[in-house]
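Report on one structure; see the data block that follows.
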Amino acid sequence: MLERKKTHDRTNRAATTGRDRAPEPGRPAPSLWADTAVAAPVLSSLQGDERADVAIIGAGFTGLSTAIHLAERGVSVAVVEGEEVGFGASGRNNGQVIPTLSRLDPTDMAARFPVRGADDKPVGERLAALVRDSASIVFDLIRRHDLAAEAEQTGWLQPVHTPGRMRLAEKRFREWDAIGADVALLDRAAMAAALGSPAYHGGIRMATGGHINPLGLAREMARALVGLGGRIFVRAPATGVEAGGPGWRVATPGGSLSAENLIVATNAYTHDIFDPLRRSVVPVASWQMSTTPLDPAVRRTIIPGREAASDTRGDLRFFRHTADGRLVAGGALIVPADGVGKLKAMVGARLRETFPQIGDVAFDHVWNGYIGMTPDFAPRLHALGKGAYGWVGCNGRGVALSISLGRELARLIAGEDRGALALPFEPMAPIPLHRIATEVAPLMLARFRYKDSREIGA
């Protein structure tokens, strides 16, 4: 049961400025998305006492998706957000919409979640089906509400970086194909044609994937929610939560929000008032960067089908086009000192290695956000008290997974069978020595790079 607790705002502050303004001290650098996304709806902070059927903390993809799916059912819902809509990882990621988990394939999900649900099947099988459909859930939501999010459902590529890892691609192809995913296995020549690069040995293509402007999508989801009668209060951090009476009361600096049900949708940005939940996930910084607009002739030779792409490395290499002719890539750092300079040199070299035709490349935006990582790379759903729920662990697949699990949480709140959910409830499992784990997490990158450099079985 959640107890009433006070906390100060420990998150980074949102950047809402353009590329020509330096960020204020202590604020993250402006992202490309902040410069190019559709404007957010005009929203106010919470003043006084408000009531709803469902209170949601966090106006990212999970919170907004849950709210939209509830509002579509006629449920009264209100969201409180400590900063602005899409402030956290939802608005600061690469924008790839990927219908897989980062480490778990369908048989892994069935083994990880073997408990049987209402249909007498392992819940992991339902999770695999949800993940299979997750990208389509995102793009269907975009089409249903006509969201201006630069959405392109052009597919997702996972190129293989060593010959031996083609066995992984073949396994993934077999498993996803067996449960009805629109997946293709590409040999070296087919992947070279799809990427415009000879650097890989083959891989898979998931046709339902694609990419979006993530901050634009979050803002447009907020607009859709308001249009459905939902309420969103920004600059209203939750300073305390207590159970009592018919449900829950969320305190903010300007007032409170009371509701029968509560959803905590904060993932890697969870605060101390939900301490066991906060300590069950490790926030890991993920850096993104965008090139200046590419020459059109060169751009057409790089991922000519405009798929999103992220490879099989642990130190992931990923790239995608934008609506205005850029390439968005990124990376990770062990030591963040002079992070921008290191990243520009490292990612620039990687792009030239992958796409020799790109030549010298310039970056005009470098930014980051936090990914919520769990020790086994699996998402986790938790009951936080009577009528209160939360989940953590996007593990680098936050866009499609968050929006899809938002739909599942809405089904739960709306009274559908708890045993029919695509993710089982688990006890919270705070990570021992969480602060130390958070501080040493970047060192895992060295291990990933070592493994990336070796062939499977070597």
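The chains in the structure tokens are called A, B, ... from first to last as shown; in each chain the residues are counted from 1, and the ligands are counted from 1 in the order shown.
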
For Pro430 in chain A, work out the shell of residues within 6 Å, counting only C-alpha atoms and skipping chain neighbours fewer than 6 positions away, then give it as a list in words.
->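 So the residues in contact are Pro276, Arg279 and Ser280 of chain A.
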
Got a sec: who's within 10 Å of Arg73 in chain A, counting only C-alpha atoms, leaving out chain neighbours fewer than 6 positions off, as a list of chain:residue names?
-> A:Ala67, A:Leu228, A:Ala410, A:Arg411, A:Ala414

Could you give me, as a JSON list (two decimals) with N, CA, C and O atoms, in the first residue's frame, the residues within 12 Å of Leu168 in chain A, counting only C-alpha atoms and dropping anything in the same chain fewer than 2 positions from it?
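Result file follows (out_37.json):
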```json
[["chain", "number", "residue", "atom", "x", "y", "z"],
["A", 103, "ARG", "N", 15.30, -7.80, -25.64],
["A", 103, "ARG", "CA", 16.05, -9.04, -25.40],
["A", 103, "ARG", "C", 15.16, -10.28, -25.42],
["A", 103, "ARG", "O", 15.67, -11.39, -25.58],
["A", 104, "LEU", "N", 13.86, -10.14, -25.20],
["A", 104, "LEU", "CA", 12.99, -11.30, -25.07],
["A", 104, "LEU", "C", 12.21, -11.53, -26.36],
["A", 104, "LEU", "O", 11.51, -10.64, -26.84],
["A", 105, "ASP", "N", 12.36, -12.74, -26.92],
["A", 105, "ASP", "CA", 11.58, -13.16, -28.07],
["A", 105, "ASP", "C", 10.35, -13.93, -27.57],
["A", 105, "ASP", "O", 10.20, -14.15, -26.36],
["A", 158, "GLN", "N", 16.23, -4.82, -38.33],
["A", 158, "GLN", "CA", 17.27, -5.17, -37.37],
["A", 158, "GLN", "C", 18.41, -5.85, -38.11],
["A", 158, "GLN", "O", 18.43, -7.06, -38.31],
["A", 159, "PRO", "N", 19.40, -5.06, -38.58],
["A", 159, "PRO", "CA", 20.54, -5.65, -39.29],
["A", 159, "PRO", "C", 21.48, -6.36, -38.33],
["A", 159, "PRO", "O", 21.65, -5.97, -37.18],
["A", 160, "VAL", "N", 22.12, -7.42, -38.83],
["A", 160, "VAL", "CA", 22.99, -8.29, -38.04],
["A", 160, "VAL", "C", 24.44, -7.90, -38.30],
["A", 160, "VAL", "O", 24.87, -7.81, -39.44],
["A", 161, "HIS", "N", 25.21, -7.69, -37.21],
["A", 161, "HIS", "CA", 26.55, -7.11, -37.39],
["A", 161, "HIS", "C", 27.67, -8.13, -37.46],
["A", 161, "HIS", "O", 28.82, -7.74, -37.72],
["A", 162, "THR", "N", 27.42, -9.43, -37.23],
["A", 162, "THR", "CA", 28.44, -10.46, -37.47],
["A", 162, "THR", "C", 27.77, -11.66, -38.15],
["A", 162, "THR", "O", 26.56, -11.88, -37.97],
["A", 163, "PRO", "N", 28.51, -12.45, -38.89],
["A", 163, "PRO", "CA", 27.90, -13.60, -39.58],
["A", 163, "PRO", "C", 27.22, -14.57, -38.63],
["A", 163, "PRO", "O", 26.12, -15.07, -38.90],
["A", 164, "GLY", "N", 27.84, -14.86, -37.48],
["A", 164, "GLY", "CA", 27.27, -15.82, -36.56],
["A", 164, "GLY", "C", 25.95, -15.38, -35.98],
["A", 164, "GLY", "O", 25.11, -16.22, -35.61],
["A", 165, "ARG", "N", 25.75, -14.08, -35.89],
["A", 165, "ARG", "CA", 24.50, -13.60, -35.32],
["A", 165, "ARG", "C", 23.32, -13.73, -36.28],
["A", 165, "ARG", "O", 22.18, -13.44, -35.91],
["A", 166, "MET", "N", 23.59, -14.19, -37.49],
["A", 166, "MET", "CA", 22.46, -14.52, -38.36],
["A", 166, "MET", "C", 21.61, -15.64, -37.75],
["A", 166, "MET", "O", 20.42, -15.74, -38.03],
["A", 170, "GLU", "N", 17.63, -15.65, -37.59],
["A", 170, "GLU", "CA", 16.81, -16.78, -38.05],
["A", 170, "GLU", "C", 15.87, -17.25, -36.94],
["A", 170, "GLU", "O", 14.70, -17.56, -37.21],
["A", 171, "LYS", "N", 16.37, -17.31, -35.71],
["A", 171, "LYS", "CA", 15.52, -17.69, -34.57],
["A", 171, "LYS", "C", 14.39, -16.69, -34.40],
["A", 171, "LYS", "O", 13.22, -17.07, -34.22],
["A", 172, "ARG", "N", 14.71, -15.41, -34.43],
["A", 172, "ARG", "CA", 13.68, -14.39, -34.26],
["A", 172, "ARG", "C", 12.65, -14.45, -35.39],
["A", 172, "ARG", "O", 11.44, -14.31, -35.15],
["A", 173, "PHE", "N", 13.13, -14.63, -36.59],
["A", 173, "PHE", "CA", 12.20, -14.76, -37.71],
["A", 173, "PHE", "C", 11.23, -15.93, -37.47],
["A", 173, "PHE", "O", 10.02, -15.79, -37.62],
["A", 174, "ARG", "N", 11.77, -17.09, -37.11],
["A", 174, "ARG", "CA", 10.91, -18.27, -36.90],
["A", 174, "ARG", "C", 9.89, -18.02, -35.80],
["A", 174, "ARG", "O", 8.70, -18.37, -35.94],
["A", 175, "GLU", "N", 10.34, -17.44, -34.70],
["A", 175, "GLU", "CA", 9.44, -17.26, -33.56],
["A", 175, "GLU", "C", 8.35, -16.23, -33.84],
["A", 175, "GLU", "O", 7.17, -16.45, -33.53],
["A", 185, "LEU", "N", 12.86, -12.46, -43.26],
["A", 185, "LEU", "CA", 14.28, -12.70, -43.05],
["A", 185, "LEU", "C", 15.03, -12.24, -44.29],
["A", 185, "LEU", "O", 14.73, -12.67, -45.40],
["A", 201, "HIS", "N", 25.25, -8.29, -42.36],
["A", 201, "HIS", "CA", 25.25, -9.65, -42.90],
["A", 201, "HIS", "C", 23.84, -10.20, -43.13],
["A", 201, "HIS", "O", 23.69, -11.39, -43.42],
["A", 202, "GLY", "N", 22.83, -9.37, -43.03],
["A", 202, "GLY", "CA", 21.45, -9.80, -43.15],
["A", 202, "GLY", "C", 20.66, -9.27, -41.98],
["A", 202, "GLY", "O", 21.06, -8.31, -41.32],
["A", 203, "GLY", "N", 19.52, -9.91, -41.68],
["A", 203, "GLY", "CA", 18.73, -9.49, -40.54],
["A", 203, "GLY", "C", 17.25, -9.71, -40.77],
["A", 203, "GLY", "O", 16.85, -10.50, -41.64],
["A", 204, "ILE", "N", 16.43, -9.02, -40.00],
["A", 204, "ILE", "CA", 14.98, -9.16, -40.13],
["A", 204, "ILE", "C", 14.35, -7.80, -40.41],
["A", 204, "ILE", "O", 14.93, -6.75, -40.13],
["A", 311, "ASP", "N", 20.45, -2.12, -34.80],
["A", 311, "ASP", "CA", 21.13, -3.38, -35.09],
["A", 311, "ASP", "C", 21.21, -4.32, -33.89],
["A", 311, "ASP", "O", 20.56, -4.09, -32.86],
["A", 312, "THR", "N", 22.02, -5.37, -34.01],
["A", 312, "THR", "CA", 22.07, -6.43, -33.01],
["A", 312, "THR", "C", 23.15, -6.19, -31.95],
["A", 312, "THR", "O", 23.37, -7.06, -31.10],
["A", 313, "ARG", "N", 23.81, -5.07, -31.97],
["A", 313, "ARG", "CA", 24.83, -4.79, -30.95],
["A", 313, "ARG", "C", 24.18, -4.51, -29.60],
["A", 313, "ARG", "O", 23.07, -3.98, -29.51],
["A", 455, "GLU", "N", 32.54, -12.89, -32.03],
["A", 455, "GLU", "CA", 31.56, -13.67, -32.74],
["A", 455, "GLU", "C", 30.80, -14.57, -31.77],
["A", 455, "GLU", "O", 31.33, -14.93, -30.70],
["A", 456, "ILE", "N", 29.57, -14.90, -32.10],
["A", 456, "ILE", "CA", 28.79, -15.83, -31.29],
["A", 456, "ILE", "C", 29.57, -17.14, -31.14],
["A", 456, "ILE", "O", 30.06, -17.72, -32.12]]
```

Mind checking which residues fall within 8 Å of Met109 in chain A, counting only C-alpha atoms, ignoring those fewer than 5 positions away in the same chain, and posting them as a list in words?
-> Leu104, Gly124, Glu125, Leu127 and Ala128 of chain A

For each of A:Leu421, A:Ala178, A:Ile302, A:Ala59, take the minimum atom-to-atom distance to Arg352 in chain A, counting only C-alpha atoms, then give the residue where this is smallest.
-> A:Ile302

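Proximity to Ile263 in chain A was assessed for A:Leu43, A:Leu405, A:Leu215, A:Ala89 counting only C-alpha atoms; the smallest distance is recorded for A:Leu405.
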
Could you name the residues that touch Gly91 in chain A at 9 Å or less, counting only C-alpha atoms, but leaving out those on the same chain fewer than 2 positions away, as a PyMOL selection string?
-> chain A and resi 31+33-34+60-61+85-89+93-95+213-219+369

Those residues you just picked out, can you put them in a file as an mmCIF file, in the first residue's frame with N, CA, C and O atoms?
```cif
data_model
loop_
_atom_site.group_PDB
_atom_site.id
_atom_site.type_symbol
_atom_site.label_atom_id
_atom_site.label_comp_id
_atom_site.auth_asym_id
_atom_site.auth_seq_id
_atom_site.Cartn_x
_atom_site.Cartn_y
_atom_site.Cartn_z
ATOM 1 N N SER A 31 16.005 19.321 -27.740
ATOM 2 C CA SER A 31 16.017 18.235 -28.710
ATOM 3 C C SER A 31 15.558 18.739 -30.068
ATOM 4 O O SER A 31 14.939 19.805 -30.188
ATOM 5 N N TRP A 33 13.174 17.378 -31.543
ATOM 6 C CA TRP A 33 11.707 17.304 -31.471
ATOM 7 C C TRP A 33 11.119 18.576 -30.889
ATOM 8 O O TRP A 33 10.031 19.008 -31.302
ATOM 9 N N ALA A 34 11.805 19.186 -29.925
ATOM 10 C CA ALA A 34 11.296 20.427 -29.351
ATOM 11 C C ALA A 34 11.264 21.544 -30.383
ATOM 12 O O ALA A 34 10.455 22.471 -30.287
ATOM 13 N N GLY A 60 3.289 11.102 -20.090
ATOM 14 C CA GLY A 60 4.054 10.481 -21.165
ATOM 15 C C GLY A 60 3.160 9.508 -21.910
ATOM 16 O O GLY A 60 1.933 9.538 -21.797
ATOM 17 N N PHE A 61 3.785 8.599 -22.658
ATOM 18 C CA PHE A 61 2.999 7.711 -23.502
ATOM 19 C C PHE A 61 2.076 6.785 -22.703
ATOM 20 O O PHE A 61 0.930 6.575 -23.078
ATOM 21 N N VAL A 85 3.850 18.147 -21.010
ATOM 22 C CA VAL A 85 3.513 16.908 -21.717
ATOM 23 C C VAL A 85 4.730 16.405 -22.489
ATOM 24 O O VAL A 85 5.387 17.171 -23.199
ATOM 25 N N GLY A 86 5.056 15.119 -22.311
ATOM 26 C CA GLY A 86 6.169 14.520 -23.040
ATOM 27 C C GLY A 86 7.535 14.927 -22.555
ATOM 28 O O GLY A 86 8.526 14.726 -23.261
ATOM 29 N N PHE A 87 7.617 15.453 -21.332
ATOM 30 C CA PHE A 87 8.909 15.928 -20.825
ATOM 31 C C PHE A 87 9.955 14.818 -20.727
ATOM 32 O O PHE A 87 11.124 15.002 -21.045
ATOM 33 N N GLY A 88 9.559 13.642 -20.278
ATOM 34 C CA GLY A 88 10.510 12.571 -20.013
ATOM 35 C C GLY A 88 10.918 11.820 -21.265
ATOM 36 O O GLY A 88 10.974 12.368 -22.370
ATOM 37 N N ALA A 89 11.181 10.538 -21.092
ATOM 38 C CA ALA A 89 11.664 9.726 -22.206
ATOM 39 C C ALA A 89 10.679 9.684 -23.362
ATOM 40 O O ALA A 89 11.076 9.540 -24.520
ATOM 41 N N ASN A 93 13.020 10.406 -26.930
ATOM 42 C CA ASN A 93 13.638 9.206 -27.487
ATOM 43 C C ASN A 93 13.877 9.347 -28.981
ATOM 44 O O ASN A 93 13.635 10.404 -29.575
ATOM 45 N N ASN A 94 14.319 8.274 -29.613
ATOM 46 C CA ASN A 94 14.647 8.306 -31.038
ATOM 47 C C ASN A 94 13.417 8.302 -31.931
ATOM 48 O O ASN A 94 13.502 8.649 -33.104
ATOM 49 N N GLY A 95 12.274 7.888 -31.381
ATOM 50 C CA GLY A 95 11.047 7.879 -32.163
ATOM 51 C C GLY A 95 10.834 6.635 -32.999
ATOM 52 O O GLY A 95 9.961 6.618 -33.868
ATOM 53 N N ASN A 213 7.616 11.487 -34.674
ATOM 54 C CA ASN A 213 8.199 12.553 -33.858
ATOM 55 C C ASN A 213 7.648 12.326 -32.449
ATOM 56 O O ASN A 213 6.459 12.545 -32.207
ATOM 57 N N PRO A 214 8.448 11.852 -31.501
ATOM 58 C CA PRO A 214 7.883 11.419 -30.221
ATOM 59 C C PRO A 214 7.265 12.542 -29.401
ATOM 60 O O PRO A 214 6.210 12.351 -28.788
ATOM 61 N N LEU A 215 7.907 13.710 -29.371
ATOM 62 C CA LEU A 215 7.304 14.814 -28.633
ATOM 63 C C LEU A 215 6.025 15.273 -29.319
ATOM 64 O O LEU A 215 5.027 15.589 -28.663
ATOM 65 N N GLY A 216 6.038 15.282 -30.663
ATOM 66 C CA GLY A 216 4.819 15.619 -31.388
ATOM 67 C C GLY A 216 3.699 14.653 -31.080
ATOM 68 O O GLY A 216 2.537 15.052 -30.916
ATOM 69 N N LEU A 217 4.036 13.358 -30.986
ATOM 70 C CA LEU A 217 3.004 12.369 -30.678
ATOM 71 C C LEU A 217 2.453 12.597 -29.274
ATOM 72 O O LEU A 217 1.232 12.547 -29.063
ATOM 73 N N ALA A 218 3.317 12.832 -28.292
ATOM 74 C CA ALA A 218 2.835 13.078 -26.933
ATOM 75 C C ALA A 218 1.925 14.306 -26.894
ATOM 76 O O ALA A 218 0.852 14.285 -26.273
ATOM 77 N N ARG A 219 2.326 15.375 -27.551
ATOM 78 C CA ARG A 219 1.495 16.584 -27.547
ATOM 79 C C ARG A 219 0.165 16.353 -28.247
ATOM 80 O O ARG A 219 -0.886 16.831 -27.790
ATOM 81 N N GLY A 369 17.714 11.366 -22.715
ATOM 82 C CA GLY A 369 16.601 11.062 -21.834
ATOM 83 C C GLY A 369 16.925 9.756 -21.136
ATOM 84 O O GLY A 369 17.952 9.125 -21.429
#
```

Please provide as a list in words all residues within 9 Å of Ser134 in chain A, with the sequence filter that same-chain residues fewer than 4 positions apart are discarded (counting only C-alpha atoms).
->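 Answer for this query is Val97, Ile98, Pro99, Thr100, Ala129, Leu130, Val138, Phe139, Thr208, Gly209, Val399, Ala400, Leu401, Ser402, Ile403, Ser404 and Leu405 of chain A.
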
From the list A:Leu64, A:Val79, A:Ala259, A:Ala378, which residue is nearest Asp108 in chain A when using only C-alpha atoms?
->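 Counting only C-alpha atoms, the residue closest to Asp108 in chain A is A:Ala378.
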
Mind the document's chain letters and residue numbers, and return as a ChimeraX atom specification the residues of range 217-301 of chain A that DSSP labels strand (DSSP E or B).
-> /A:231-233,240-244,247-252,255-264,282-291

Keeping C-alpha atoms, export the residues of the selection given above as a short mmCIF file (atom, residue, chain, number, x, y, z; two decimals), in the first residue's frame.
```
data_model
loop_
_atom_site.label_atom_id
_atom_site.label_comp_id
_atom_site.auth_asym_id
_atom_site.auth_seq_id
_atom_site.Cartn_x
_atom_site.Cartn_y
_atom_site.Cartn_z
CA ARG A 231 -8.11 16.84 -18.12
CA ILE A 232 -4.34 17.37 -17.99
CA PHE A 233 -2.62 19.51 -15.39
CA GLY A 240 2.29 13.16 -1.90
CA VAL A 241 -0.15 10.30 -2.39
CA GLU A 242 -2.49 8.79 0.17
CA ALA A 243 -5.18 6.17 0.19
CA GLY A 244 -8.41 6.91 1.97
CA GLY A 247 -9.83 5.77 -3.40
CA TRP A 248 -6.74 7.94 -3.73
CA ARG A 249 -5.70 11.55 -3.22
CA VAL A 250 -2.72 13.00 -5.11
CA ALA A 251 -1.35 16.21 -3.61
CA THR A 252 0.37 18.86 -5.77
CA GLY A 255 -4.12 21.54 -4.95
CA SER A 256 -5.12 17.90 -5.12
CA LEU A 257 -6.68 15.28 -7.36
CA SER A 258 -8.92 12.59 -5.87
CA ALA A 259 -10.03 9.46 -7.71
CA GLU A 260 -11.17 5.90 -7.12
CA ASN A 261 -8.32 4.52 -9.23
CA LEU A 262 -4.70 5.58 -9.63
CA ILE A 263 -2.17 4.92 -12.40
CA VAL A 264 1.51 5.73 -11.80
CA VAL A 282 17.49 1.61 -13.24
CA PRO A 283 17.39 4.88 -15.22
CA VAL A 284 20.01 4.79 -17.97
CA ALA A 285 20.82 7.83 -20.10
CA SER A 286 20.29 7.36 -23.83
CA TRP A 287 21.76 9.99 -26.16
CA GLN A 288 20.14 11.04 -29.42
CA MET A 289 21.49 13.33 -32.12
CA SER A 290 20.36 14.67 -35.45
CA THR A 291 22.37 15.59 -38.50
#
```

Nearest to Arg326 in chain A, restricted to only C-alpha atoms and choosing among A:Pro237, A:Gly359, A:Gly314, A:Pro293, comes out as A:Pro293

Between A:Val38, A:Ala199, A:Val440, A:Ala224, which one has atoms that come closest to Ser65 in chain A, using only C-alpha atoms?
->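 With only C-alpha atoms as the atom set, the closest residue is A:Ala224.
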
Mind checking DSSP for range 47-138 of chain A and telling me the alpha helix (DSSP H) residues as number ranges by chain?
-> A: 61-71, 89-92, 106-112, 123-138

Export C-alpha atoms of the chosen residues as a PDB file, in the first residue's frame?
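Okay, this is what ended up in part-v6.pdb:
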```
ATOM      1  CA  PHE A  61       2.999   7.711 -23.502  1.00  0.00           C
ATOM      2  CA  THR A  62       1.698   5.321 -20.822  1.00  0.00           C
ATOM      3  CA  GLY A  63      -0.310   7.940 -18.977  1.00  0.00           C
ATOM      4  CA  LEU A  64      -1.751   9.535 -22.101  1.00  0.00           C
ATOM      5  CA  SER A  65      -2.552   6.199 -23.751  1.00  0.00           C
ATOM      6  CA  THR A  66      -4.302   4.930 -20.629  1.00  0.00           C
ATOM      7  CA  ALA A  67      -6.239   8.180 -20.381  1.00  0.00           C
ATOM      8  CA  ILE A  68      -7.297   8.195 -24.041  1.00  0.00           C
ATOM      9  CA  HIS A  69      -8.470   4.595 -23.958  1.00  0.00           C
ATOM     10  CA  LEU A  70     -10.444   5.289 -20.785  1.00  0.00           C
ATOM     11  CA  ALA A  71     -11.927   8.514 -22.117  1.00  0.00           C
ATOM     12  CA  ALA A  89      11.664   9.726 -22.206  1.00  0.00           C
ATOM     13  CA  SER A  90       8.384   9.768 -24.152  1.00  0.00           C
ATOM     14  CA  GLY A  91       9.317  13.076 -25.765  1.00  0.00           C
ATOM     15  CA  ARG A  92      13.090  12.625 -25.904  1.00  0.00           C
ATOM     16  CA  PRO A 106       8.190 -14.955 -27.955  1.00  0.00           C
ATOM     17  CA  THR A 107       9.496 -18.177 -26.358  1.00  0.00           C
ATOM     18  CA  ASP A 108      11.440 -16.108 -23.829  1.00  0.00           C
ATOM     19  CA  MET A 109       8.257 -14.225 -22.894  1.00  0.00           C
ATOM     20  CA  ALA A 110       6.349 -17.473 -22.423  1.00  0.00           C
ATOM     21  CA  ALA A 111       9.131 -18.786 -20.170  1.00  0.00           C
ATOM     22  CA  ARG A 112       9.467 -15.507 -18.234  1.00  0.00           C
ATOM     23  CA  VAL A 123       0.505 -14.918 -19.940  1.00  0.00           C
ATOM     24  CA  GLY A 124       3.794 -14.594 -21.790  1.00  0.00           C
ATOM     25  CA  GLU A 125       2.037 -15.771 -24.943  1.00  0.00           C
ATOM     26  CA  ARG A 126      -0.456 -12.927 -24.630  1.00  0.00           C
ATOM     27  CA  LEU A 127       2.410 -10.505 -24.022  1.00  0.00           C
ATOM     28  CA  ALA A 128       4.107 -11.734 -27.195  1.00  0.00           C
ATOM     29  CA  ALA A 129       0.872 -11.179 -29.125  1.00  0.00           C
ATOM     30  CA  LEU A 130       0.553  -7.667 -27.681  1.00  0.00           C
ATOM     31  CA  VAL A 131       4.166  -6.850 -28.592  1.00  0.00           C
ATOM     32  CA  ARG A 132       3.590  -8.287 -32.092  1.00  0.00           C
ATOM     33  CA  ASP A 133       0.664  -5.878 -32.522  1.00  0.00           C
ATOM     34  CA  SER A 134       2.153  -2.964 -30.565  1.00  0.00           C
ATOM     35  CA  ALA A 135       3.373  -0.886 -33.508  1.00  0.00           C
ATOM     36  CA  SER A 136       0.009  -1.250 -35.236  1.00  0.00           C
ATOM     37  CA  ILE A 137      -1.701  -0.163 -32.013  1.00  0.00           C
ATOM     38  CA  VAL A 138       0.386   3.033 -32.136  1.00  0.00           C
TER      39      VAL A 138
END
```

Write out as number ranges by chain the residues lying within 8 Å of Gly348 in chain A, counting only C-alpha atoms and excluding same-chain residues fewer than 5 positions away.
-> A: 343, 360-362

How would the residues just chosen look if you wrote them out with N, CA, C and O atoms as an mmCIF file, in the first residue's frame?
```cif
data_model
loop_
_atom_site.group_PDB
_atom_site.id
_atom_site.type_symbol
_atom_site.label_atom_id
_atom_site.label_comp_id
_atom_site.auth_asym_id
_atom_site.auth_seq_id
_atom_site.Cartn_x
_atom_site.Cartn_y
_atom_site.Cartn_z
ATOM 1 N N LEU A 343 30.302 12.229 -28.429
ATOM 2 C CA LEU A 343 29.252 11.611 -29.239
ATOM 3 C C LEU A 343 29.325 12.047 -30.689
ATOM 4 O O LEU A 343 29.140 11.246 -31.603
ATOM 5 N N ASP A 360 31.410 13.682 -44.722
ATOM 6 C CA ASP A 360 31.501 14.371 -43.439
ATOM 7 C C ASP A 360 30.101 14.807 -43.016
ATOM 8 O O ASP A 360 29.342 15.375 -43.806
ATOM 9 N N VAL A 361 29.769 14.565 -41.782
ATOM 10 C CA VAL A 361 28.417 14.832 -41.305
ATOM 11 C C VAL A 361 28.478 15.783 -40.121
ATOM 12 O O VAL A 361 29.382 15.706 -39.289
ATOM 13 N N ALA A 362 27.525 16.699 -40.075
ATOM 14 C CA ALA A 362 27.430 17.659 -38.981
ATOM 15 C C ALA A 362 26.157 17.399 -38.194
ATOM 16 O O ALA A 362 25.121 17.020 -38.758
#
```

Check the smallest atom-to-atom distance from each of A:Ala118, A:Ile358, A:Leu423, A:Ile413 to Val77 in chain A using only C-alpha atoms, then report the winner.
-> A:Ile413
